[in-house]
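**Q** This is entry_32.txt (compact mmCIF, C-alpha atoms).
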# COMPACT_ATOMS: atom_id res chain seq x y z
CA MET V 1 -71.45 -193.92 -88.61
CA ARG V 2 -73.66 -194.63 -85.64
CA ILE V 3 -74.57 -191.85 -83.21
CA SER V 4 -75.45 -193.06 -79.74
CA THR V 5 -77.83 -191.45 -77.31
CA ALA V 6 -74.84 -190.56 -75.03
CA GLN V 7 -73.17 -188.70 -77.88
CA ILE V 8 -76.29 -186.69 -78.55
CA PHE V 9 -76.59 -185.75 -74.88
CA ASN V 10 -72.90 -184.82 -74.56
CA ARG V 11 -72.84 -182.77 -77.75
CA SER V 12 -75.96 -180.93 -76.78
CA ALA V 13 -74.63 -180.25 -73.27
CA ASP V 14 -71.35 -178.89 -74.72
CA ASN V 15 -73.22 -176.60 -77.09
CA LEU V 16 -75.38 -175.30 -74.27
CA THR V 17 -72.33 -174.69 -72.09
CA SER V 18 -70.42 -172.91 -74.86
CA THR V 19 -73.36 -170.70 -75.76
CA SER V 20 -74.00 -169.90 -72.06
CA ASN V 21 -70.34 -168.98 -71.53
CA ARG V 22 -70.35 -166.64 -74.52
CA LEU V 23 -73.58 -165.08 -73.32
CA TYR V 24 -72.07 -164.60 -69.83
CA GLU V 25 -68.95 -163.06 -71.36
CA LEU V 26 -71.06 -160.59 -73.33
CA GLN V 27 -73.02 -159.77 -70.19
CA GLU V 28 -69.74 -159.06 -68.33
CA GLN V 29 -68.54 -156.82 -71.17
CA LEU V 30 -71.80 -154.89 -71.13
CA SER V 31 -71.75 -154.46 -67.35
CA THR V 32 -68.09 -153.31 -67.24
CA GLY V 33 -67.95 -151.45 -70.54
CA LYS V 34 -64.67 -153.23 -71.31
CA ARG V 35 -64.02 -155.23 -74.44
CA ILE V 36 -61.11 -157.13 -72.90
CA LEU V 37 -61.81 -158.78 -69.56
CA GLN V 38 -58.55 -160.71 -69.26
CA PRO V 39 -55.23 -160.68 -71.17
CA SER V 40 -56.02 -163.94 -72.97
CA ASP V 41 -58.95 -162.24 -74.73
CA ASP V 42 -56.49 -160.22 -76.87
CA PRO V 43 -52.80 -160.43 -75.81
CA LEU V 44 -51.59 -157.73 -78.21
CA ALA V 45 -54.29 -155.25 -77.23
CA SER V 46 -53.75 -156.09 -73.55
CA ALA V 47 -50.08 -155.16 -73.85
CA GLN V 48 -50.98 -151.82 -75.43
CA ILE V 49 -53.59 -151.15 -72.76
CA LEU V 50 -51.01 -151.84 -70.02
CA LYS V 51 -48.49 -149.48 -71.64
CA LEU V 52 -51.04 -146.71 -72.13
CA THR V 53 -52.35 -147.12 -68.58
CA LYS V 54 -48.84 -146.59 -67.23
CA GLU V 55 -48.55 -143.41 -69.31
CA VAL V 56 -51.87 -142.18 -67.92
CA GLU V 57 -50.75 -142.90 -64.34
CA LYS V 58 -47.42 -141.12 -64.87
CA THR V 59 -49.11 -138.07 -66.37
CA GLU V 60 -51.65 -137.95 -63.55
CA GLN V 61 -48.72 -138.05 -61.09
CA TYR V 62 -47.16 -135.12 -62.96
CA GLN V 63 -50.42 -133.24 -62.49
CA ASP V 64 -50.36 -134.01 -58.76
CA ASN V 65 -46.76 -132.80 -58.63
CA ILE V 66 -47.80 -129.56 -60.32
CA ASP V 67 -50.46 -129.03 -57.65
CA ILE V 68 -47.88 -129.66 -54.92
CA SER V 69 -45.38 -127.28 -56.55
CA ARG V 70 -48.01 -124.60 -57.00
CA ARG V 71 -48.94 -124.78 -53.32
CA ARG V 72 -45.31 -124.54 -52.24
CA LEU V 73 -44.53 -121.66 -54.60
CA SER V 74 -47.69 -119.84 -53.53
CA LEU V 75 -46.69 -120.23 -49.86
CA GLU V 76 -43.18 -119.00 -50.62
CA GLU V 77 -44.50 -115.98 -52.52
CA THR V 78 -46.86 -115.08 -49.68
CA THR V 79 -44.00 -115.42 -47.19
CA LEU V 80 -41.63 -113.27 -49.24
CA ASP V 81 -44.34 -110.62 -49.63
CA ALA V 82 -44.65 -110.50 -45.86
CA VAL V 83 -40.85 -110.33 -45.47
CA ASN V 84 -40.73 -107.46 -47.96
CA ASP V 85 -43.50 -105.58 -46.11
CA ALA V 86 -41.63 -105.99 -42.83
CA THR V 87 -38.39 -104.82 -44.46
CA LEU V 88 -40.11 -101.73 -45.83
CA ARG V 89 -41.32 -100.92 -42.33
CA VAL V 90 -37.77 -101.36 -41.00
CA LYS V 91 -36.59 -98.91 -43.67
CA GLU V 92 -39.19 -96.35 -42.62
CA LEU V 93 -38.19 -96.67 -38.97
CA ALA V 94 -34.47 -96.39 -39.78
CA ILE V 95 -34.98 -93.16 -41.73
CA GLN V 96 -37.19 -91.84 -38.94
CA ALA V 97 -34.57 -92.72 -36.31
CA ASN V 98 -31.89 -90.75 -38.18
CA SER V 99 -33.91 -87.54 -38.05
CA GLY V 100 -32.49 -84.68 -36.03
CA ALA V 101 -35.90 -84.13 -34.47
CA VAL V 102 -35.88 -87.58 -32.83
CA THR V 103 -34.49 -87.87 -29.31
CA ASP V 104 -32.63 -90.84 -27.84
CA THR V 105 -35.81 -91.73 -25.93
CA ASP V 106 -37.77 -91.74 -29.18
CA ARG V 107 -35.13 -93.95 -30.74
CA SER V 108 -35.54 -96.45 -27.90
CA LEU V 109 -39.22 -96.71 -28.78
CA ILE V 110 -38.34 -97.18 -32.44
CA ALA V 111 -35.88 -99.89 -31.41
CA SER V 112 -38.68 -101.67 -29.53
CA GLU V 113 -40.80 -101.81 -32.70
CA LEU V 114 -37.76 -103.05 -34.62
CA GLY V 115 -37.44 -105.83 -32.04
CA GLU V 116 -41.00 -106.94 -32.79
CA LEU V 117 -40.30 -106.84 -36.52
CA GLU V 118 -37.22 -108.98 -35.87
CA LYS V 119 -39.41 -111.61 -34.20
CA GLN V 120 -41.87 -111.49 -37.09
CA LEU V 121 -39.10 -111.95 -39.65
CA PHE V 122 -37.65 -114.83 -37.65
CA GLY V 123 -41.00 -116.61 -37.81
CA LEU V 124 -41.45 -115.92 -41.52
CA MET V 125 -37.99 -117.20 -42.43
CA ASN V 126 -38.73 -120.40 -40.48
CA THR V 127 -42.05 -120.98 -42.28
CA LYS V 128 -43.11 -124.63 -42.69
CA ASP V 129 -45.01 -126.10 -45.61
CA VAL V 130 -48.11 -128.33 -45.29
CA GLN V 131 -45.84 -131.38 -44.94
CA GLY V 132 -44.16 -129.88 -41.88
CA GLU V 133 -40.83 -129.14 -43.61
CA TYR V 134 -39.07 -125.80 -43.30
CA LEU V 135 -39.58 -123.90 -46.54
CA PHE V 136 -36.13 -122.29 -46.74
CA SER V 137 -33.86 -125.05 -45.36
CA GLY V 138 -32.96 -126.56 -48.73
CA TYR V 139 -32.56 -130.33 -48.55
CA LYS V 140 -32.46 -130.18 -44.74
CA GLY V 141 -36.21 -129.71 -44.58
CA PHE V 142 -36.65 -130.87 -41.00
CA ASP V 143 -34.00 -128.49 -39.61
CA ALA V 144 -35.07 -124.94 -38.78
CA ALA V 145 -33.73 -122.59 -41.43
CA TYR V 146 -32.56 -120.02 -38.86
CA SER V 147 -31.61 -120.03 -35.21
CA TYR V 148 -30.12 -117.46 -32.85
CA ASP V 149 -26.58 -118.02 -31.58
CA GLY V 150 -26.14 -116.25 -28.27
CA ALA V 151 -22.35 -116.72 -28.29
CA THR V 152 -21.91 -114.66 -31.45
CA ASP V 153 -25.11 -112.60 -31.08
CA LYS V 154 -25.99 -113.58 -34.66
CA TYR V 155 -28.75 -115.40 -36.49
CA ILE V 156 -27.30 -118.49 -38.16
CA PHE V 157 -28.53 -120.19 -41.33
CA ASN V 158 -28.79 -123.93 -40.64
CA GLY V 159 -29.92 -125.19 -44.03
CA ASP V 160 -28.00 -125.87 -47.21
CA GLU V 161 -28.02 -124.51 -50.76
CA GLY V 162 -30.26 -127.26 -52.15
CA ARG V 163 -33.41 -126.54 -54.13
CA ARG V 164 -35.92 -129.38 -54.05
CA SER V 165 -37.04 -130.15 -57.59
CA ILE V 166 -40.07 -132.17 -58.67
CA GLN V 167 -40.94 -133.84 -61.97
CA ILE V 168 -43.84 -132.10 -63.71
CA GLY V 169 -43.48 -133.62 -67.19
CA PRO V 170 -41.67 -136.41 -69.02
CA ASP V 171 -38.60 -134.23 -69.53
CA THR V 172 -39.32 -131.30 -67.20
CA LYS V 173 -38.31 -130.72 -63.60
CA MET V 174 -39.23 -127.68 -61.56
CA ALA V 175 -37.64 -126.24 -58.41
CA SER V 176 -40.54 -126.14 -55.97
CA THR V 177 -38.56 -124.47 -53.15
CA ASP V 178 -35.73 -121.99 -52.73
CA SER V 179 -32.93 -122.23 -50.23
CA GLY V 180 -32.67 -119.50 -47.62
CA PHE V 181 -29.04 -119.20 -48.66
CA ASP V 182 -30.06 -117.88 -52.08
CA VAL V 183 -32.98 -115.81 -50.84
CA PHE V 184 -31.62 -114.26 -47.64
CA GLU V 185 -27.86 -114.88 -47.45
CA ASN V 186 -26.53 -114.44 -50.98
CA VAL V 187 -27.15 -110.68 -51.17
CA ASN V 188 -24.78 -107.96 -52.39
CA SER V 189 -22.06 -107.05 -49.91
CA VAL V 190 -21.29 -103.62 -48.43
CA LEU V 191 -17.77 -102.23 -48.14
CA THR V 192 -16.78 -101.45 -44.53
CA LEU V 193 -13.66 -100.84 -42.47
CA ALA V 194 -11.88 -103.98 -41.35
CA PRO V 195 -11.59 -104.57 -37.59
CA THR V 196 -8.34 -103.34 -36.06
CA VAL V 197 -6.53 -103.94 -32.77
CA GLY V 198 -4.37 -100.82 -32.87
CA ALA V 199 -4.75 -97.79 -30.58
CA GLU V 200 -4.35 -95.19 -33.33
CA PHE V 201 -8.01 -94.26 -33.44
CA SER V 202 -10.72 -94.30 -30.79
CA GLU V 203 -13.45 -94.15 -33.46
CA ARG V 204 -13.46 -95.27 -37.09
CA ILE V 205 -16.67 -94.17 -38.75
CA ILE V 206 -17.86 -94.26 -42.36
CA THR V 207 -19.85 -91.07 -42.89
CA ASP V 208 -20.60 -91.64 -46.59
CA PHE V 209 -20.56 -95.24 -47.85
CA GLU V 210 -20.89 -94.30 -51.52
CA THR V 211 -17.93 -91.88 -51.43
CA PHE V 212 -15.87 -94.35 -49.42
CA GLN V 213 -16.67 -97.15 -51.89
CA SER V 214 -15.67 -94.99 -54.86
CA PHE V 215 -12.38 -93.94 -53.27
CA THR V 216 -11.50 -97.51 -52.27
CA ASP V 217 -12.29 -98.83 -55.76
CA ASN V 218 -10.20 -96.17 -57.52
CA ARG V 219 -7.45 -95.15 -55.11
CA GLY V 220 -7.57 -97.16 -51.92
CA PRO V 221 -6.64 -98.29 -49.46
CA ALA V 222 -5.61 -95.07 -47.75
CA THR V 223 -2.55 -94.85 -45.51
CA ILE V 224 -2.27 -92.47 -42.53
CA THR V 225 1.35 -91.86 -41.54
CA PHE V 226 2.03 -90.36 -38.11
CA ASP V 227 5.13 -88.39 -37.16
CA THR V 228 4.73 -88.47 -33.41
CA GLY V 229 7.87 -86.34 -32.89
CA ALA V 230 6.53 -83.51 -35.00
CA GLY V 231 2.93 -84.17 -33.97
CA THR V 232 1.71 -84.38 -37.60
CA TYR V 233 0.01 -86.86 -39.92
CA THR V 234 -0.16 -87.36 -43.67
CA VAL V 235 -2.80 -89.22 -45.69
CA THR V 236 -1.92 -90.86 -49.00
CA ASP V 237 -3.64 -93.25 -51.37
CA ALA V 238 -2.48 -96.70 -52.48
CA VAL V 239 0.21 -95.30 -54.84
CA GLY V 240 1.45 -92.65 -52.41
CA ASP V 241 -0.37 -89.65 -53.88
CA PRO V 242 -1.73 -87.13 -51.37
CA VAL V 243 -5.38 -87.25 -50.32
CA PHE V 244 -7.44 -84.07 -50.05
CA SER V 245 -10.30 -83.17 -47.76
CA GLY V 246 -12.83 -80.42 -47.21
CA ASN V 247 -14.33 -77.69 -49.38
CA PRO V 248 -12.20 -76.01 -50.51
CA ALA V 249 -10.00 -79.08 -50.69
CA VAL V 250 -6.96 -79.18 -48.43
CA GLU V 251 -4.05 -81.55 -48.95
CA LEU V 252 -3.72 -83.80 -45.90
CA THR V 253 0.08 -83.59 -45.65
CA ASN V 254 1.92 -82.78 -42.40
CA ILE V 255 -1.29 -81.83 -40.60
CA SER V 256 -0.80 -81.06 -36.91
CA TYR V 257 -2.94 -83.06 -34.50
CA GLN V 258 -3.78 -83.66 -30.85
CA GLN V 259 -5.49 -86.57 -29.17
CA GLY V 260 -9.20 -86.38 -29.92
CA ASP V 261 -8.80 -84.58 -33.26
CA SER V 262 -10.59 -86.04 -36.29
CA VAL V 263 -9.14 -87.04 -39.63
CA GLU V 264 -11.88 -86.74 -42.24
CA PHE V 265 -11.57 -87.62 -45.93
CA GLU V 266 -13.42 -89.49 -48.69
CA GLY V 267 -16.41 -90.53 -46.55
CA VAL V 268 -14.35 -91.58 -43.51
CA LYS V 269 -13.95 -90.02 -40.08
CA LEU V 270 -11.14 -91.20 -37.78
CA VAL V 271 -10.81 -89.90 -34.20
CA ILE V 272 -7.12 -89.87 -33.20
CA ASP V 273 -6.35 -91.63 -29.92
CA ASN V 274 -2.77 -92.72 -29.21
CA PRO V 275 -0.96 -93.43 -32.48
CA ALA V 276 2.48 -94.95 -32.78
CA ASN V 277 5.08 -93.42 -35.05
CA GLY V 278 4.69 -94.75 -38.61
CA ALA V 279 2.07 -95.74 -41.15
CA VAL V 280 -1.41 -97.17 -40.60
CA VAL V 281 -3.13 -98.76 -43.60
CA LEU V 282 -6.89 -98.27 -43.55
CA ASP V 283 -7.86 -101.84 -44.49
CA THR V 284 -11.35 -102.62 -45.71
CA GLU V 285 -13.60 -105.66 -46.04
CA THR V 286 -16.94 -106.48 -47.60
CA GLN V 287 -19.82 -107.58 -45.40
CA ARG V 288 -23.10 -109.23 -46.30
CA THR V 289 -25.74 -110.22 -43.85
CA ASN V 290 -29.26 -111.56 -43.74
CA VAL V 291 -32.26 -109.39 -42.90
CA LEU V 292 -32.47 -110.80 -39.36
CA ASN V 293 -28.93 -109.74 -38.44
CA MET V 294 -29.44 -106.41 -40.17
CA VAL V 295 -32.49 -105.62 -38.04
CA HIS V 296 -30.83 -107.04 -34.90
CA GLU V 297 -27.73 -104.85 -35.34
CA LEU V 298 -29.77 -101.75 -36.16
CA THR V 299 -31.92 -102.32 -33.07
CA ALA V 300 -28.83 -102.63 -30.86
CA ALA V 301 -27.32 -99.50 -32.41
CA LEU V 302 -30.44 -97.42 -31.81
CA LYS V 303 -30.53 -98.57 -28.20
CA GLY V 304 -26.83 -98.03 -27.56
CA ILE V 305 -25.94 -94.81 -29.39
CA ASP V 306 -25.96 -91.65 -27.28
CA THR V 307 -26.34 -88.54 -29.43
CA GLU V 308 -26.57 -86.18 -26.46
CA ASP V 309 -23.35 -86.87 -24.52
CA ASP V 310 -21.17 -88.62 -27.15
CA LEU V 311 -19.51 -86.15 -29.53
CA GLN V 312 -19.44 -88.82 -32.23
CA GLY V 313 -22.98 -90.01 -31.47
CA ASN V 314 -24.61 -88.46 -34.52
CA ASP V 315 -21.90 -89.81 -36.81
CA LYS V 316 -22.29 -93.28 -35.31
CA LEU V 317 -26.05 -93.07 -35.76
CA ASN V 318 -25.66 -91.97 -39.37
CA GLN V 319 -23.23 -94.85 -40.02
CA ALA V 320 -25.54 -97.46 -38.45
CA VAL V 321 -28.58 -96.24 -40.38
CA SER V 322 -26.70 -95.80 -43.67
CA PHE V 323 -25.21 -99.28 -43.38
CA ALA V 324 -28.65 -100.75 -42.63
CA LEU V 325 -30.23 -98.91 -45.57
CA LEU V 326 -27.55 -100.20 -47.95
CA GLN V 327 -28.12 -103.74 -46.71
CA MET V 328 -31.87 -103.34 -47.02
CA GLU V 329 -31.49 -102.25 -50.61
CA SER V 330 -29.62 -105.47 -51.43
CA ILE V 331 -32.08 -107.55 -49.42
CA GLN V 332 -35.07 -106.02 -51.21
CA GLU V 333 -33.45 -106.50 -54.62
CA LYS V 334 -32.92 -110.19 -53.86
CA ASN V 335 -36.51 -110.45 -52.62
CA ILE V 336 -37.86 -108.92 -55.83
CA GLU V 337 -35.59 -111.15 -57.94
CA THR V 338 -36.79 -114.27 -56.15
CA ARG V 339 -40.47 -113.32 -56.44
CA GLY V 340 -39.94 -112.70 -60.15
CA SER V 341 -38.48 -116.19 -60.43
CA LEU V 342 -41.51 -117.58 -58.59
CA GLY V 343 -43.83 -115.92 -61.09
CA GLY V 344 -41.89 -117.42 -63.98
CA ARG V 345 -42.07 -120.88 -62.44
CA VAL V 346 -45.81 -120.60 -61.85
CA ASN V 347 -46.25 -119.68 -65.53
CA THR V 348 -44.21 -122.75 -66.47
CA LEU V 349 -46.40 -124.91 -64.24
CA ASP V 350 -49.53 -123.58 -65.95
CA ALA V 351 -48.10 -124.24 -69.41
CA GLN V 352 -46.95 -127.76 -68.48
CA GLN V 353 -50.32 -128.51 -66.92
CA ASP V 354 -52.02 -127.65 -70.22
CA VAL V 355 -49.58 -129.94 -72.05
CA ASN V 356 -50.29 -132.74 -69.58
CA VAL V 357 -54.05 -132.32 -70.02
CA GLU V 358 -53.70 -132.72 -73.79
CA LEU V 359 -51.41 -135.71 -73.35
CA LEU V 360 -53.88 -137.33 -70.95
CA LEU V 361 -56.73 -136.81 -73.41
CA HIS V 362 -54.87 -138.39 -76.33
CA THR V 363 -53.51 -141.26 -74.25
CA LYS V 364 -56.92 -142.10 -72.81
CA ASP V 365 -58.42 -141.95 -76.30
CA ALA V 366 -55.80 -144.36 -77.57
CA ARG V 367 -56.39 -146.71 -74.62
CA SER V 368 -60.14 -146.51 -75.18
CA SER V 369 -59.74 -147.69 -78.77
CA PHE V 370 -58.17 -150.92 -77.44
CA GLN V 371 -60.12 -151.35 -74.25
CA ASP V 372 -63.62 -149.90 -74.38
CA LEU V 373 -66.62 -151.82 -75.65
CA ASP V 374 -68.64 -151.05 -78.77
CA TYR V 375 -72.08 -151.24 -77.17
CA ASN V 376 -74.01 -151.49 -80.46
CA GLU V 377 -72.04 -154.50 -81.58
CA ALA V 378 -72.06 -156.08 -78.12
CA ILE V 379 -75.84 -155.74 -77.72
CA SER V 380 -76.39 -157.28 -81.16
CA GLN V 381 -74.12 -160.18 -80.26
CA PHE V 382 -75.85 -160.58 -76.90
CA THR V 383 -79.29 -160.77 -78.58
CA LEU V 384 -77.97 -163.26 -81.12
CA GLN V 385 -76.42 -165.48 -78.44
CA GLU V 386 -79.57 -165.26 -76.32
CA THR V 387 -81.69 -166.41 -79.28
CA ALA V 388 -79.24 -169.22 -80.03
CA LEU V 389 -79.28 -170.35 -76.40
CA ASN V 390 -83.08 -170.39 -76.28
CA ALA V 391 -83.15 -172.42 -79.52
CA ALA V 392 -80.59 -174.85 -78.11
CA TYR V 393 -82.63 -175.33 -74.93
CA GLY V 394 -85.78 -175.93 -77.02
CA SER V 395 -84.14 -178.44 -79.36
CA PHE V 396 -82.44 -180.25 -76.47
CA ALA V 397 -85.78 -180.67 -74.75
CA LYS V 398 -87.15 -182.44 -77.84
CA ILE V 399 -84.01 -184.51 -78.44
CA GLN V 400 -83.95 -185.88 -74.91
CA ASN V 401 -87.47 -187.31 -75.45
CA LEU V 402 -86.46 -189.28 -78.58
CA SER V 403 -86.55 -192.95 -77.37
CA LEU V 404 -88.13 -196.14 -78.77
CA PHE V 405 -89.54 -196.91 -75.33
CA ASN V 406 -91.75 -193.82 -75.59
CA TYR V 407 -93.71 -195.65 -78.31
CA LEU V 408 -93.99 -199.07 -76.61
CA ASN V 409 -96.91 -199.84 -74.35
Would you mind giving the structure from this file in structure tokens?

**A**
Amino acid sequence: MRISTAQIFNRSADNLTSTSNRLYELQEQLSTGKRILQPSDDPLASAQILKLTKEVEKTEQYQDNIDISRRRLSLEETTLDAVNDATLRVKELAIQANSGAVTDTDRSLIASELGELEKQLFGLMNTKDVQGEYLFSGYKGFDAAYSYDGATDKYIFNGDEGRRSIQIGPDTKMASTDSGFDVFENVNSVLTLAPTVGAEFSERIITDFETFQSFTDNRGPATITFDTGAGTYTVTDAVGDPVFSGNPAVELTNISYQQGDSVEFEGVKLVIDNPANGAVVLDTETQRTNVLNMVHELTAALKGIDTEDDLQGNDKLNQAVSFALLQMESIQEKNIETRGSLGGRVNTLDAQQDVNVELLLHTKDARSSFQDLDYNEAISQFTLQETALNAAYGSFAKIQNLSLFNYLN
């Protein structure tokens, strides 16, 4: 077989190119720290690297979600703490206002402070998060949670019952917000007298909510039957048994009355006005309200009740304060319940974060086994290829001078 000069040159050039390329590849690996520079280097390992990288990215997103949830829950807890502090102050003022030593003028001053607390609560319940969404509006994050309706003289909840959840692990979601409906609206109700359009009574006042609740649960509703011809009334329970009042107890059967007299029994006081002949059922209803309406109604009551000239003024004041205190008890219980839930969720976030950290560590280790370079081996290979390239350059320099014409003069 004959080997031509062109073949020698081409073969030598190919060897030099191949060795240079391998040396360049090793240099790239050393500079990047990566064993695989492109998928064709190792298709199977490249597929594993891609899969593990996606797992790392997902887990890092879970960690970001945990940070977001923790910020939201922390903001909600701070807000609910402030709401609770304001409610406690309302409770103190309500008890103070119901004192016999406080005049109507003093109560007007107390009502002014309650008005400021009402404004503070309105702002707290319309708190926004760092993204500009209302914290307690549920899924309707860009609608204010509460607004005042002048037509009904009530504060209205504008959100929905949604709780925005966020993924914090492969199989774990966490509610990062609470709806104002659950926190402020869905509180325990208070039993009250239902509105009436009749002229039987000029005043219908609950003097003891606990006694009235117990009677209604066990024997109510009560019926007051008027005999206008005889000028008497009789009070019976739901099954027609007589109702007693006073201490010692007196059976309220065929009791004589005049306009302006009071019928008092089982935590209720009714001031007789102009009754028609026959029976009047004392219907009841349950009422629940948010803290804004509770403070608003108490403020109006303290401003409007006259305990000096109105014979029923003290009873009206006692009813307004007692009703507010009962509502506040339910509101505070819901506040404590929600803050307890927040604490539990923060603990879950901490636990899931630890799990995610461990998962990230193991996943990155697994990816490193496919992707990262063994520097000791790579440096040895680089030195070997460098030596081979230098030898190839040296031999090529001698080969290219092999020609018969070099020896002819």

**Q** Do you know which residues are at most 6 Å from segment 262-270 of chain V counting all atoms listed in the file, after dropping those on the same chain fewer than 2 positions away, and could you put them as a PyMOL selection string?

**A** chain V and resi 203-208+211-212+245

**Q** Provide an axis-aligned box for all listed atoms of segment 157-173 of chain V, padding each side by 4 Å; report its centre and its edge lengths in Å to one decimal, as JSON.

**A**
{"center_x": -35.9, "center_y": -128.3, "center_z": -55.1, "size_x": 23.8, "size_y": 24.2, "size_z": 36.9}

**Q** Per residue of segment 89-205 of chain V within 10 Å of segment 290-304 of chain V, record the nearest atom pair and its distance in Å to one decimal, counting only C-alpha atoms, with rows in chain order and ascending residue number, as a tab-separated table.

**A**
residue	atom	partner	partner_atom	distance
V:Val90	CA	V:Val295	CA	7.4
V:Lys91	CA	V:Val295	CA	9.7
V:Ala94	CA	V:Leu298	CA	8.0
V:Ala97	CA	V:Leu302	CA	7.7
V:Asn98	CA	V:Leu302	CA	9.3
V:Asp104	CA	V:Leu302	CA	8.0
V:Thr105	CA	V:Lys303	CA	8.9
V:Asp106	CA	V:Leu302	CA	9.6
V:Arg107	CA	V:Leu302	CA	5.9
V:Ser108	CA	V:Lys303	CA	5.4
V:Leu109	CA	V:Lys303	CA	8.9
V:Ile110	CA	V:Leu302	CA	7.9
V:Ala111	CA	V:Thr299	CA	4.9
V:Ser112	CA	V:Thr299	CA	7.7
V:Glu113	CA	V:Thr299	CA	8.9
V:Leu114	CA	V:Thr299	CA	6.1
V:Gly115	CA	V:Thr299	CA	6.6
V:Leu117	CA	V:Val295	CA	8.0
V:Glu118	CA	V:Leu292	CA	6.2
V:Lys119	CA	V:Leu292	CA	8.7
V:Gln120	CA	V:Leu292	CA	9.7
V:Leu121	CA	V:Leu292	CA	6.7
V:Phe122	CA	V:Leu292	CA	6.8
V:Met125	CA	V:Leu292	CA	9.0
V:Tyr146	CA	V:Leu292	CA	9.2
V:Tyr148	CA	V:Leu292	CA	9.6
V:Asp153	CA	V:Asn293	CA	8.8
V:Lys154	CA	V:Asn293	CA	6.1
V:Tyr155	CA	V:Asn293	CA	6.0
V:Ile156	CA	V:Asn293	CA	8.9
V:Phe157	CA	V:Asn290	CA	9.0
V:Gly180	CA	V:Asn290	CA	9.5
V:Phe181	CA	V:Asn290	CA	9.1
V:Val183	CA	V:Asn290	CA	9.1
V:Phe184	CA	V:Asn290	CA	5.3
V:Glu185	CA	V:Asn290	CA	5.2
V:Asn186	CA	V:Asn290	CA	8.3
V:Val187	CA	V:Asn290	CA	7.8

**Q** Restricting it to C-alpha atoms, dump the selection as a PDB file, keeping the file's coordinate frame.

**A**
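In the end it all went to part.pdb:
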ATOM      1  CA  VAL V  90     -37.770-101.360 -41.000  1.00  0.00           C
ATOM      2  CA  LYS V  91     -36.590 -98.910 -43.670  1.00  0.00           C
ATOM      3  CA  ALA V  94     -34.470 -96.390 -39.780  1.00  0.00           C
ATOM      4  CA  ALA V  97     -34.570 -92.720 -36.310  1.00  0.00           C
ATOM      5  CA  ASN V  98     -31.890 -90.750 -38.180  1.00  0.00           C
ATOM      6  CA  ASP V 104     -32.630 -90.840 -27.840  1.00  0.00           C
ATOM      7  CA  THR V 105     -35.810 -91.730 -25.930  1.00  0.00           C
ATOM      8  CA  ASP V 106     -37.770 -91.740 -29.180  1.00  0.00           C
ATOM      9  CA  ARG V 107     -35.130 -93.950 -30.740  1.00  0.00           C
ATOM     10  CA  SER V 108     -35.540 -96.450 -27.900  1.00  0.00           C
ATOM     11  CA  LEU V 109     -39.220 -96.710 -28.780  1.00  0.00           C
ATOM     12  CA  ILE V 110     -38.340 -97.180 -32.440  1.00  0.00           C
ATOM     13  CA  ALA V 111     -35.880 -99.890 -31.410  1.00  0.00           C
ATOM     14  CA  SER V 112     -38.680-101.670 -29.530  1.00  0.00           C
ATOM     15  CA  GLU V 113     -40.800-101.810 -32.700  1.00  0.00           C
ATOM     16  CA  LEU V 114     -37.760-103.050 -34.620  1.00  0.00           C
ATOM     17  CA  GLY V 115     -37.440-105.830 -32.040  1.00  0.00           C
ATOM     18  CA  LEU V 117     -40.300-106.840 -36.520  1.00  0.00           C
ATOM     19  CA  GLU V 118     -37.220-108.980 -35.870  1.00  0.00           C
ATOM     20  CA  LYS V 119     -39.410-111.610 -34.200  1.00  0.00           C
ATOM     21  CA  GLN V 120     -41.870-111.490 -37.090  1.00  0.00           C
ATOM     22  CA  LEU V 121     -39.100-111.950 -39.650  1.00  0.00           C
ATOM     23  CA  PHE V 122     -37.650-114.830 -37.650  1.00  0.00           C
ATOM     24  CA  MET V 125     -37.990-117.200 -42.430  1.00  0.00           C
ATOM     25  CA  TYR V 146     -32.560-120.020 -38.860  1.00  0.00           C
ATOM     26  CA  TYR V 148     -30.120-117.460 -32.850  1.00  0.00           C
ATOM     27  CA  ASP V 153     -25.110-112.600 -31.080  1.00  0.00           C
ATOM     28  CA  LYS V 154     -25.990-113.580 -34.660  1.00  0.00           C
ATOM     29  CA  TYR V 155     -28.750-115.400 -36.490  1.00  0.00           C
ATOM     30  CA  ILE V 156     -27.300-118.490 -38.160  1.00  0.00           C
ATOM     31  CA  PHE V 157     -28.530-120.190 -41.330  1.00  0.00           C
ATOM     32  CA  GLY V 180     -32.670-119.500 -47.620  1.00  0.00           C
ATOM     33  CA  PHE V 181     -29.040-119.200 -48.660  1.00  0.00           C
ATOM     34  CA  VAL V 183     -32.980-115.810 -50.840  1.00  0.00           C
ATOM     35  CA  PHE V 184     -31.620-114.260 -47.640  1.00  0.00           C
ATOM     36  CA  GLU V 185     -27.860-114.880 -47.450  1.00  0.00           C
ATOM     37  CA  ASN V 186     -26.530-114.440 -50.980  1.00  0.00           C
ATOM     38  CA  VAL V 187     -27.150-110.680 -51.170  1.00  0.00           C
TER      39      VAL V 187
END

**Q** Please compute the atom CA of Gln131 of chain V-atom CA of Ala145 of chain V distance, one decimal, in Å.

**A** 15.4 Å

**Q** Quick check, in Å to one decimal: how far apart do atom CA of Ala276 of chain V and atom CA of Ile255 of chain V lie?

**A**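 Computing the Euclidean distance for atom CA of Ala276 of chain V and atom CA of Ile255 of chain V yields 15.7 Å.
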
**Q** Which one of V:Tyr257, V:Asp237, V:Ala324, V:Gly343 sits closest to Asp283 of chain V if you count only C-alpha atoms?

**A**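 Using only C-alpha atoms, Asp283 of chain V sits closest to V:Asp237.
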
**Q** With distances taken over all atoms listed in the file, which residue among V:Asp217, V:Glu76, V:Glu285, V:Asp149 lies nearest Asn126 of chain V?

**A**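 That would be V:Glu76, the residue with the smallest distance to Asn126 of chain V.
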